[in-house]
file target.txt (compact mmCIF, C-alpha atoms and all ligand atoms)
# COMPACT_ATOMS: atom_id res chain seq x y z
CA MET A 1 0.00 0.00 0.00
CA ASN A 2 1.17 3.48 -0.87
CA TYR A 3 0.76 6.00 1.91
CA ARG A 4 0.14 9.67 1.31
CA ILE A 5 2.20 10.35 4.41
CA PRO A 6 4.75 7.55 4.86
CA PHE A 7 6.40 6.68 8.14
CA ASN A 8 9.88 7.64 6.93
CA ARG A 9 11.65 9.40 4.09
CA PRO A 10 15.46 9.42 4.03
CA THR A 11 17.03 12.78 4.77
CA LEU A 12 18.08 14.55 1.56
CA ILE A 13 19.76 17.93 1.69
CA PRO A 14 20.95 20.16 -1.13
CA GLY A 15 24.51 19.34 -2.18
CA ALA A 16 24.43 15.66 -1.27
CA ILE A 17 23.98 14.41 -4.83
CA GLY A 18 26.72 16.70 -6.14
CA CYS A 19 29.08 15.32 -3.53
CA VAL A 20 28.35 11.72 -4.60
CA LEU A 21 28.93 12.63 -8.27
CA GLU A 22 32.24 14.25 -7.41
CA VAL A 23 33.45 11.09 -5.68
CA ILE A 24 32.34 8.92 -8.60
CA GLN A 25 34.11 11.19 -11.10
CA GLY A 26 37.19 11.31 -8.87
CA GLY A 27 37.61 7.56 -9.36
CA ARG A 28 38.15 6.40 -5.78
CA LEU A 29 35.14 4.49 -4.54
CA SER A 30 36.44 1.97 -2.03
CA GLY A 31 36.52 2.70 1.68
CA ASN A 32 38.91 4.42 4.09
CA GLY A 33 39.42 7.34 1.67
CA PRO A 34 39.27 11.14 2.00
CA CYS A 35 35.46 11.42 2.28
CA THR A 36 35.41 8.72 4.96
CA HIS A 37 38.06 10.61 6.91
CA ARG A 38 36.09 13.87 6.66
CA CYS A 39 32.98 12.12 8.01
CA GLU A 40 35.05 10.66 10.82
CA SER A 41 36.52 13.96 11.88
CA ARG A 42 33.06 15.59 11.82
CA LEU A 43 31.76 12.70 13.97
CA THR A 44 34.46 13.28 16.57
CA GLU A 45 33.54 16.99 16.60
CA ILE A 46 29.84 16.21 17.13
CA THR A 47 30.28 13.51 19.75
CA GLY A 48 33.49 14.58 21.46
CA SER A 49 34.51 10.99 20.98
CA ARG A 50 38.22 10.16 20.72
CA THR A 51 38.18 8.26 17.41
CA ALA A 52 35.42 7.55 14.91
CA LEU A 53 35.62 4.73 12.37
CA LEU A 54 33.03 4.81 9.61
CA THR A 55 31.49 1.38 8.94
CA ASN A 56 28.94 -0.09 6.54
CA SER A 57 26.34 -0.35 9.34
CA CYS A 58 25.69 0.01 13.04
CA THR A 59 25.40 -3.77 13.16
CA SER A 60 28.99 -4.02 11.86
CA ALA A 61 30.14 -1.50 14.45
CA LEU A 62 28.46 -3.58 17.17
CA GLU A 63 30.23 -6.70 15.87
CA MET A 64 33.53 -4.82 16.05
CA ALA A 65 32.72 -3.86 19.64
CA ALA A 66 32.00 -7.51 20.46
CA LEU A 67 35.27 -8.65 18.85
CA LEU A 68 37.20 -5.99 20.77
CA LEU A 69 35.87 -7.47 24.03
CA ASP A 70 37.29 -10.94 23.17
CA ALA A 71 34.73 -13.37 24.58
CA ARG A 72 35.94 -16.27 26.68
CA PRO A 73 33.65 -19.33 26.89
CA GLY A 74 30.68 -18.58 29.15
CA ASP A 75 31.03 -14.79 29.08
CA GLU A 76 27.84 -12.75 29.30
CA VAL A 77 26.77 -9.24 28.35
CA ILE A 78 23.74 -7.44 29.72
CA VAL A 79 21.58 -6.00 26.94
CA PRO A 80 18.27 -4.16 26.96
CA SER A 81 15.27 -6.26 25.99
CA PHE A 82 13.64 -3.21 24.41
CA THR A 83 16.08 -2.54 21.58
CA PHE A 84 16.87 -3.50 18.01
CA VAL A 85 18.02 -7.07 17.36
CA SER A 86 21.60 -6.08 16.52
CA THR A 87 22.41 -4.82 20.02
CA ALA A 88 22.21 -8.43 21.23
CA ASN A 89 22.83 -10.37 18.01
CA ALA A 90 26.28 -8.87 17.33
CA PHE A 91 27.48 -10.04 20.74
CA ALA A 92 25.79 -13.45 20.51
CA MET A 93 27.51 -13.98 17.12
CA HIS A 94 30.90 -13.40 18.68
CA GLY A 95 30.70 -15.66 21.69
CA PHE A 96 28.72 -13.81 24.36
CA ARG A 97 25.48 -14.91 25.98
CA PRO A 98 23.13 -11.93 26.10
CA VAL A 99 21.19 -11.47 29.35
CA PHE A 100 18.11 -9.32 28.87
CA ALA A 101 17.44 -6.34 31.12
CA ASP A 102 14.01 -4.75 31.39
CA CYS A 103 13.49 -1.05 30.73
CA ARG A 104 12.01 1.49 33.15
CA PRO A 105 8.65 3.15 32.54
CA GLY A 106 9.04 6.75 31.35
CA THR A 107 12.20 6.91 29.25
CA LEU A 108 11.91 3.17 28.39
CA ASN A 109 15.65 2.84 29.00
CA VAL A 110 17.55 0.29 31.06
CA ASP A 111 19.03 1.74 34.24
CA ALA A 112 21.13 0.67 37.20
CA THR A 113 18.14 -0.88 39.00
CA THR A 114 17.21 -3.16 36.08
CA ILE A 115 20.83 -4.04 35.28
CA SER A 116 22.24 -4.60 38.75
CA PRO A 117 20.40 -7.85 39.66
CA LEU A 118 21.65 -9.45 36.42
CA ILE A 119 25.36 -8.96 37.09
CA GLY A 120 27.11 -12.24 37.81
CA PRO A 121 30.64 -13.68 37.78
CA ARG A 122 30.58 -14.11 33.97
CA THR A 123 29.30 -10.61 33.12
CA ARG A 124 31.80 -8.67 31.00
CA ALA A 125 29.92 -5.68 29.65
CA ILE A 126 26.78 -3.59 29.88
CA LEU A 127 25.13 -2.59 26.60
CA VAL A 128 22.94 0.48 26.79
CA MET A 129 20.66 1.88 24.11
CA HIS A 130 19.36 5.43 24.49
CA TYR A 131 15.76 5.02 23.30
CA GLY A 132 14.75 7.89 21.01
CA GLY A 133 18.10 9.43 21.91
CA VAL A 134 16.91 10.24 25.45
CA ALA A 135 19.95 9.31 27.50
CA CYS A 136 20.04 6.40 29.92
CA GLU A 137 20.95 7.43 33.49
CA MET A 138 24.64 7.17 32.69
CA ASP A 139 26.09 8.40 36.02
CA GLU A 140 24.50 5.45 37.79
CA ILE A 141 25.28 2.95 35.04
CA LEU A 142 28.92 4.03 34.77
CA ALA A 143 29.30 3.86 38.58
CA LEU A 144 27.79 0.35 38.60
CA ALA A 145 30.13 -0.72 35.78
CA ARG A 146 33.16 0.65 37.62
CA ARG A 147 32.19 -1.21 40.80
CA HIS A 148 32.00 -4.51 38.92
CA ASN A 149 34.83 -3.81 36.48
CA LEU A 150 32.55 -4.00 33.42
CA ILE A 151 32.90 -2.32 30.04
CA VAL A 152 30.06 -0.04 28.92
CA VAL A 153 29.09 0.02 25.23
CA GLU A 154 26.53 2.54 23.97
CA ASP A 155 24.31 1.51 21.08
CA ASN A 156 23.85 5.13 20.13
CA ALA A 157 21.91 4.53 16.91
CA HIS A 158 19.18 6.94 18.07
CA GLY A 159 21.37 9.33 20.01
CA LEU A 160 23.65 11.21 17.63
CA PHE A 161 23.44 14.94 18.57
CA ALA A 162 21.93 14.14 22.00
CA LYS A 163 23.39 15.04 25.38
CA TYR A 164 23.37 13.76 28.95
CA ARG A 165 24.17 16.43 31.56
CA GLY A 166 25.82 18.42 28.78
CA GLN A 167 27.95 15.50 27.53
CA PRO A 168 27.32 14.19 24.00
CA LEU A 169 26.02 10.63 23.81
CA GLY A 170 28.56 8.36 22.19
CA SER A 171 31.36 9.76 24.34
CA LEU A 172 30.34 8.07 27.60
CA GLY A 173 31.05 4.35 27.07
CA ALA A 174 34.42 2.81 26.20
CA LEU A 175 32.82 2.15 22.82
CA ALA A 176 29.73 3.49 21.08
CA THR A 177 28.03 2.74 17.79
CA GLN A 178 26.10 4.93 15.33
CA SER A 179 23.76 4.06 12.48
CA PHE A 180 23.23 5.88 9.22
CA HIS A 181 20.41 3.61 8.06
CA GLU A 182 17.80 5.52 6.07
CA THR A 183 15.51 5.80 9.12
CA LYS A 184 18.11 7.68 11.16
CA ASN A 185 18.53 11.48 11.46
CA VAL A 186 21.43 11.53 9.00
CA THR A 187 21.89 8.71 6.54
CA SER A 188 23.93 7.04 3.83
CA GLY A 189 21.27 4.43 3.06
CA GLU A 190 23.16 1.82 4.98
CA GLY A 191 26.05 2.93 7.16
CA GLY A 192 27.37 3.31 10.64
CA ALA A 193 30.33 4.16 12.81
CA LEU A 194 32.24 2.81 15.75
CA LEU A 195 33.28 5.46 18.26
CA VAL A 196 36.30 4.43 20.30
CA ASN A 197 36.78 6.34 23.54
CA ASP A 198 39.31 3.99 25.10
CA ALA A 199 42.66 4.77 23.46
CA ALA A 200 43.88 1.21 24.07
CA LEU A 201 41.26 -0.16 21.65
CA VAL A 202 41.85 2.12 18.65
CA GLU A 203 44.58 0.23 16.82
CA ARG A 204 42.85 -3.16 17.05
CA ALA A 205 39.56 -1.58 15.95
CA GLU A 206 41.28 -0.31 12.79
CA VAL A 207 42.64 -3.80 12.11
CA LEU A 208 39.24 -5.45 12.64
CA ARG A 209 37.65 -3.11 10.10
CA GLU A 210 40.41 -3.73 7.51
CA LYS A 211 40.07 -7.53 7.13
CA GLY A 212 42.52 -8.24 9.97
CA THR A 213 45.34 -6.28 8.33
CA ASN A 214 47.37 -3.28 9.46
CA ARG A 215 46.44 -1.44 6.27
CA SER A 216 45.41 1.72 8.18
CA ARG A 217 48.95 2.05 9.54
CA PHE A 218 50.31 1.44 6.03
CA PHE A 219 48.11 4.29 4.64
CA ARG A 220 49.53 6.59 7.31
CA GLY A 221 53.10 5.56 6.37
CA GLU A 222 53.75 3.94 9.75
CA VAL A 223 54.74 0.57 8.22
CA ASP A 224 56.20 -0.01 4.74
CA LYS A 225 53.93 -2.92 3.80
CA TYR A 226 50.69 -4.25 5.21
CA THR A 227 49.95 -7.77 6.28
CA TRP A 228 47.52 -10.05 8.12
CA VAL A 229 47.94 -9.41 11.86
CA ASP A 230 44.67 -10.42 13.57
CA LEU A 231 41.11 -11.55 12.93
CA GLY A 232 38.91 -9.10 11.09
CA SER A 233 36.37 -8.59 8.39
CA ASN A 234 35.39 -5.93 5.90
CA TYR A 235 33.40 -3.41 7.88
CA LEU A 236 34.24 -0.39 5.68
CA ALA A 237 31.74 2.01 4.16
CA SER A 238 32.42 2.91 0.53
CA GLU A 239 33.39 6.47 -0.43
CA MET A 240 30.00 6.82 -2.18
CA GLN A 241 28.22 6.24 1.13
CA ALA A 242 30.55 8.67 2.87
CA ALA A 243 29.94 11.26 0.13
CA TYR A 244 26.18 11.15 0.67
CA LEU A 245 26.60 11.38 4.43
CA LEU A 246 29.22 14.13 4.64
CA PRO A 247 27.06 17.13 3.64
CA GLN A 248 24.43 16.03 6.17
CA LEU A 249 27.00 15.84 8.94
CA ARG A 250 28.27 19.26 7.92
CA ALA A 251 24.74 20.72 7.81
CA SER A 252 23.69 18.93 10.98
CA GLU A 253 22.41 22.15 12.57
CA LEU A 254 19.95 22.59 9.71
CA VAL A 255 18.86 18.93 9.79
CA GLN A 256 18.46 19.03 13.56
CA SER A 257 16.50 22.29 13.58
CA MET A 258 14.08 20.87 10.98
CA ARG A 259 13.60 17.73 13.06
CA ALA A 260 13.22 19.68 16.30
CA ALA A 261 10.39 21.65 14.68
CA VAL A 262 8.60 18.38 13.85
CA TRP A 263 9.12 16.98 17.35
CA ASP A 264 7.99 20.15 19.10
CA ARG A 265 4.91 20.51 16.90
CA TYR A 266 3.74 16.97 17.72
CA ASP A 267 4.38 17.41 21.41
CA ALA A 268 2.56 20.75 21.66
CA ALA A 269 -0.39 19.69 19.50
CA LEU A 270 -1.03 16.32 21.14
CA GLY A 271 -0.90 17.34 24.82
CA ASP A 272 -4.62 17.95 25.41
CA TRP A 273 -5.68 14.98 23.29
CA ALA A 274 -3.27 12.71 25.16
CA ARG A 275 -4.49 13.85 28.59
CA ALA A 276 -8.15 13.43 27.59
CA ASN A 277 -7.57 9.90 26.26
CA GLY A 278 -5.17 8.41 28.82
CA VAL A 279 -2.28 8.47 26.34
CA ASP A 280 1.34 9.09 27.41
CA ARG A 281 3.84 11.16 25.45
CA PRO A 282 7.66 10.73 25.53
CA THR A 283 9.39 11.46 28.84
CA VAL A 284 12.47 13.68 28.54
CA PRO A 285 14.21 14.39 31.87
CA SER A 286 15.45 17.98 32.14
CA HIS A 287 19.12 16.91 32.17
CA CYS A 288 18.71 15.12 28.80
CA GLU A 289 18.84 16.90 25.44
CA GLN A 290 16.98 14.67 23.02
CA PRO A 291 17.87 14.64 19.28
CA SER A 292 14.39 14.55 17.66
CA HIS A 293 14.99 11.06 16.35
CA LEU A 294 11.42 9.76 16.73
CA TYR A 295 8.06 10.66 18.23
CA TYR A 296 5.77 8.14 19.86
CA VAL A 297 2.53 7.95 21.79
CA LEU A 298 1.91 5.27 24.41
CA MET A 299 -1.71 4.16 24.07
CA PRO A 300 -3.62 2.86 27.11
CA THR A 301 -4.21 -0.57 25.52
CA ALA A 302 -2.99 -2.72 22.65
CA SER A 303 -6.44 -2.60 21.07
CA ALA A 304 -6.53 1.22 21.19
CA ARG A 305 -3.21 1.18 19.34
CA ALA A 306 -4.55 -1.20 16.71
CA ARG A 307 -7.60 1.02 16.20
CA LEU A 308 -5.50 4.18 15.91
CA ILE A 309 -3.22 2.50 13.33
CA ASP A 310 -6.31 1.53 11.28
CA HIS A 311 -7.84 4.98 11.64
CA LEU A 312 -4.66 6.65 10.35
CA LYS A 313 -4.38 4.09 7.55
CA THR A 314 -7.82 5.10 6.24
CA GLN A 315 -6.40 8.62 5.79
CA GLY A 316 -3.26 7.40 4.01
CA ILE A 317 -1.01 7.84 7.05
CA LEU A 318 1.43 5.15 8.18
CA ALA A 319 2.21 4.89 11.90
CA VAL A 320 4.16 1.87 13.15
CA PHE A 321 4.98 0.06 16.35
CA HIS A 322 8.51 -0.63 17.48
CA TYR A 323 10.58 -3.36 19.13
CA VAL A 324 9.32 -6.81 20.06
CA PRO A 325 11.07 -7.46 23.40
CA LEU A 326 14.13 -9.58 22.61
CA ASN A 327 13.41 -12.01 25.47
CA LEU A 328 10.19 -13.00 23.64
CA SER A 329 11.73 -13.40 20.17
CA PRO A 330 12.43 -16.93 18.88
CA MET A 331 16.21 -16.38 18.99
CA GLY A 332 16.04 -14.58 22.34
CA ARG A 333 14.22 -17.59 23.80
CA LYS A 334 16.90 -19.96 22.45
CA LEU A 335 19.42 -17.84 24.35
CA GLY A 336 17.50 -18.12 27.61
CA GLY A 337 14.86 -15.38 27.33
CA THR A 338 11.50 -16.18 28.92
CA GLU A 339 8.06 -14.60 28.96
CA GLY A 340 7.56 -12.36 31.96
CA ALA A 341 11.28 -11.68 32.40
CA CYS A 342 10.94 -8.06 31.22
CA PRO A 343 7.42 -6.98 32.21
CA VAL A 344 7.79 -3.28 31.39
CA ALA A 345 9.20 -3.92 27.90
CA GLU A 346 6.56 -6.59 27.29
CA ASP A 347 3.77 -4.20 28.24
CA VAL A 348 5.07 -1.07 26.52
CA SER A 349 5.92 -2.83 23.26
CA GLU A 350 2.22 -3.63 22.78
CA ARG A 351 1.05 -0.04 23.27
CA LEU A 352 3.74 2.15 21.72
CA LEU A 353 3.03 3.79 18.37
CA ARG A 354 5.52 5.86 16.36
CA LEU A 355 4.14 8.67 14.23
CA PRO A 356 5.45 9.65 10.77
CA PHE A 357 8.75 11.43 11.42
CA TYR A 358 11.34 12.61 8.93
CA THR A 359 13.51 15.64 8.31
CA ASN A 360 11.47 16.91 5.39
CA LEU A 361 8.00 16.27 6.84
CA SER A 362 6.13 19.43 5.82
CA ALA A 363 4.04 21.39 8.31
CA ASP A 364 0.95 20.77 6.14
CA ASP A 365 1.41 17.01 6.12
CA GLN A 366 2.18 16.99 9.80
CA ASN A 367 -0.94 19.01 10.53
CA ASP A 368 -2.95 16.36 8.64
CA VAL A 369 -1.48 13.67 10.91
CA ILE A 370 -2.32 15.74 13.98
CA ALA A 371 -5.87 16.45 12.79
CA ALA A 372 -6.42 12.74 12.13
CA ILE A 373 -5.24 11.89 15.64
CA HIS A 374 -7.48 14.57 17.15
CA GLN A 375 -10.50 12.84 15.54
CA PHE A 376 -9.64 9.62 17.35
CA ARG A 377 -11.18 8.75 20.74
CA VAL A 378 -9.72 5.90 22.77
C1 LIG B 401 18.98 1.26 13.44
C2 LIG B 401 19.48 0.57 14.66
C3 LIG B 401 20.49 -0.41 14.64
C4 LIG B 401 21.00 -1.04 13.36
O1 LIG B 401 21.57 -0.19 12.52
P1 LIG B 401 22.08 -0.68 11.08
O2 LIG B 401 22.91 0.49 10.67
O3 LIG B 401 20.87 -0.90 10.26
O4 LIG B 401 22.90 -1.90 11.29
C5 LIG B 401 20.99 -0.92 15.81
N1 LIG B 401 20.51 -0.50 16.99
C6 LIG B 401 19.51 0.40 17.07
C7 LIG B 401 19.03 0.82 18.41
C8 LIG B 401 18.95 0.94 15.91
O5 LIG B 401 17.94 1.82 16.02

call {"tool": "encode", "arguments": {"input": "target.txt", "output": "structure tokens"}}
result
Amino acid sequence: MNYRIPFNRPTLIPGAIGCVLEVIQGGRLSGNGPCTHRCESRLTEITGSRTALLTNSCTSALEMAALLLDARPGDEVIVPSFTFVSTANAFAMHGFRPVFADCRPGTLNVDATTISPLIGPRTRAILVMHYGGVACEMDEILALARRHNLIVVEDNAHGLFAKYRGQPLGSLGALATQSFHETKNVTSGEGGALLVNDAALVERAEVLREKGTNRSRFFRGEVDKYTWVDLGSNYLASEMQAAYLLPQLRASELVQSMRAAVWDRYDAALGDWARANGVDRPTVPSHCEQPSHLYYVLMPTASARARLIDHLKTQGILAVFHYVPLNLSPMGRKLGGTEGACPVAEDVSERLLRLPFYTNLSADDQNDVIAAIHQFRV
């Protein structure tokens, strides 16, 4: 079905196509080239992170993070249940058993109280995912990790441009990952990045991305030939992907101001309707700067959500739900997940509805979405 107002349209800004053409005409398309390096330096500016390595996806960056942690048999990582598959899958693929933590009502993030009871002798790392780019309570999580000598990895796919107590997300864990999938604020179609904040991990991360070779050092002239030195794969983004992404990273203030206008308009227009119908809107604590990644409403029941989806559909508007809790998924169950283990995630996942949200959503189209919602009674 074709929707008049789709759920997502990839961000497209003036100049992006010209930049891709330039790279194609320049004749260097493979990865780890000049456009990649420009994206990486812009990413370190935005996030305050030590090193950024552009990858072909966030999933790849998560796999690199898992490889950098070197699983020993029996090792576990604590992952949110309410997140995208890759947060857990990347670690399960590389030898870790994921243990699913419930989220808290409100921000829908994991926090120290949901993580703490799951820490055991085999726990190596805590994975956090900042839902909608609203930061997890990182002071408490980082303190907990320090007490138990655990590594913190941020799946920051939603959180580029967001802050926690003034600190950019992506700079708080030893490692963090970004996504430039077409549903994210800035995009290269597919794409991602690994942010490395622990200096000791940088060199090995470069090797993992370059098929297990020290080719990055060779490019910098630090060794006179490159060779196979470790395990690795090909996690590079091509220069064409980097060329599409770069102008968006450079014009991030424009992209972010357009998205903030969409977020603020939904939130202001839906307040009275939400209160009258027992609907919750996103919770953003005052010490969190959220990045206008998505907008959702939390309906009072699963059936009210189903009816609102159908109502919007009749007007050509696509609204969609979000994550199935990982502890309930077929693979999550094989890894030890059980029903009832994450009651908040299990409840919220049945009631949460995301509204159409993209950088170029026009005020007129958005007003149509809002008017359609106003017609709906729970
Ligand atoms: C989008 C997303 C991913 C996966 O990103 P890809 O770039 O498609 O691999 C991982 N985690 C979260 C939380 C996401 O939203």

call {"tool": "atom_distance", "arguments": {"input": "target.txt", "atom1": "atom CA of A:Gly18", "atom2": "atom CA of A:Cys39"}}
result
16.1 Å

call {"tool": "residues_around", "arguments": {"input": "target.txt", "residues": "A:Glu22", "least_positions_apart": "2", "cutoff": "12 Å", "atoms": "only C-alpha atoms", "output": "number ranges by chain"}}
result
A: 15-20, 24-29, 35, 239-240, 242-244

call {"tool": "residues_near_point", "arguments": {"input": "target.txt", "point": "(31.6, 13.6, 18.3)", "cutoff": "12 Å", "atoms": "all atoms listed in the file", "output": "ChimeraX atom specification"}}
result
/A:39-53,156,159-163,167-172,176-178,193-197,249

call {"tool": "residues_near_ligand", "arguments": {"input": "target.txt", "ligand": "ligand LIG 401 (chain B)", "cutoff": "6 Å", "atoms": "only C-alpha atoms and all ligand atoms", "output": "VMD selection string"}}
result
chain A and resid 57 to 59 83 to 84 86 to 87 155 157 to 158 179 to 181 190 to 192

call {"tool": "closest_residue", "arguments": {"input": "target.txt", "among": "A:Ser60, A:Ser233, A:Gln256, A:Ser188", "to": "A:His293", "atoms": "all atoms listed in the file"}}
result
A:Gln256

call {"tool": "atom_distance", "arguments": {"input": "target.txt", "atom1": "atom CA of A:Met299", "atom2": "atom CA of A:Val279"}}
result
4.9 Å

call {"tool": "closest_residue", "arguments": {"input": "target.txt", "among": "A:Val320, A:Met331, A:Val207, A:Ala306", "to": "A:Leu67", "atoms": "only C-alpha atoms"}}
result
A:Val207

call {"tool": "closest_atom_pairs", "arguments": {"input": "target.txt", "of": "stretch 253-301 of chain A", "to": "stretch 132-138 of chain A", "cutoff": "12 Å", "atoms": "only C-alpha atoms", "output": "CSV"}}
result
residue,atom,partner,partner_atom,distance
A:Trp263,CA,A:Gly132,CA,11.3
A:Pro282,CA,A:Gly132,CA,8.9
A:Thr283,CA,A:Val134,CA,8.3
A:Val284,CA,A:Val134,CA,6.4
A:Pro285,CA,A:Val134,CA,8.1
A:Ser286,CA,A:Val134,CA,10.3
A:His287,CA,A:Ala135,CA,9.0
A:Cys288,CA,A:Ala135,CA,6.1
A:Glu289,CA,A:Val134,CA,6.9
A:Gln290,CA,A:Val134,CA,5.1
A:Pro291,CA,A:Gly133,CA,5.8
A:Ser292,CA,A:Gly132,CA,7.5
A:His293,CA,A:Gly132,CA,5.6
A:Leu294,CA,A:Gly132,CA,5.7
A:Tyr295,CA,A:Gly132,CA,7.8
A:Tyr296,CA,A:Gly132,CA,9.1

call {"tool": "residues_around", "arguments": {"input": "target.txt", "residues": "A:Lys225", "least_positions_apart": "6", "cutoff": "10 Å", "atoms": "all atoms listed in the file", "output": "MDAnalysis selection string"}}
result
chainID A and resid 214:215 217:219

call {"tool": "atom_distance", "arguments": {"input": "target.txt", "atom1": "atom CA of A:Leu144", "atom2": "atom CA of A:Leu328"}}
result
26.7 Å

call {"tool": "closest_residue", "arguments": {"input": "target.txt", "among": "A:Cys342, A:Ala251, A:Met1, A:Ala174", "to": "A:Arg146", "atoms": "only C-alpha atoms"}}
result
A:Ala174

call {"tool": "residues_around", "arguments": {"input": "target.txt", "residues": "A:Val369", "least_positions_apart": "4", "cutoff": "9 Å", "atoms": "all atoms listed in the file", "output": "PyMOL selection string"}}
result
chain A and resi 5+312+315+317+355-356+364-365+373-374

call {"tool": "residues_near_point", "arguments": {"input": "target.txt", "point": "(31.5, -12.8, 31.9)", "cutoff": "8 Å", "atoms": "only C-alpha atoms", "output": "list in words"}}
result
Arg72, Gly74, Asp75, Glu76, Val77, Gly120, Pro121, Arg122, Thr123, Arg124 and Ala125 of chain A

call {"tool": "residues_around", "arguments": {"input": "target.txt", "residues": "A:Asn367", "least_positions_apart": "6", "cutoff": "10 Å", "atoms": "all atoms listed in the file", "output": "JSON list (two decimals) with C-alpha atoms, in the frame of the given file"}}
result
[["chain", "number", "residue", "atom", "x", "y", "z"],
["A", 265, "ARG", "CA", 4.91, 20.51, 16.90],
["A", 266, "TYR", "CA", 3.74, 16.97, 17.72],
["A", 269, "ALA", "CA", -0.39, 19.69, 19.50],
["A", 373, "ILE", "CA", -5.24, 11.89, 15.64]]

call {"tool": "residues_around", "arguments": {"input": "target.txt", "residues": "A:Arg307", "least_positions_apart": "2", "cutoff": "12 Å", "atoms": "only C-alpha atoms", "output": "MDAnalysis selection string"}}
result
chainID A and resid 299:305 309:314 319 351 353 373 376:378

call {"tool": "closest_residue", "arguments": {"input": "target.txt", "among": "A:Ile141, A:Val99, A:Ala372, A:Ala90", "to": "A:Thr113", "atoms": "all atoms listed in the file"}}
result
A:Ile141

call {"tool": "closest_residue", "arguments": {"input": "target.txt", "among": "A:Tyr164, A:Ser30, A:Ala345, A:Ala112", "to": "A:Arg147", "atoms": "only C-alpha atoms"}}
result
A:Ala112

call {"tool": "closest_residue", "arguments": {"input": "target.txt", "among": "A:Leu201, A:Leu246, A:Cys103, A:Val152", "to": "A:Pro14", "atoms": "all atoms listed in the file"}}
result
A:Leu246
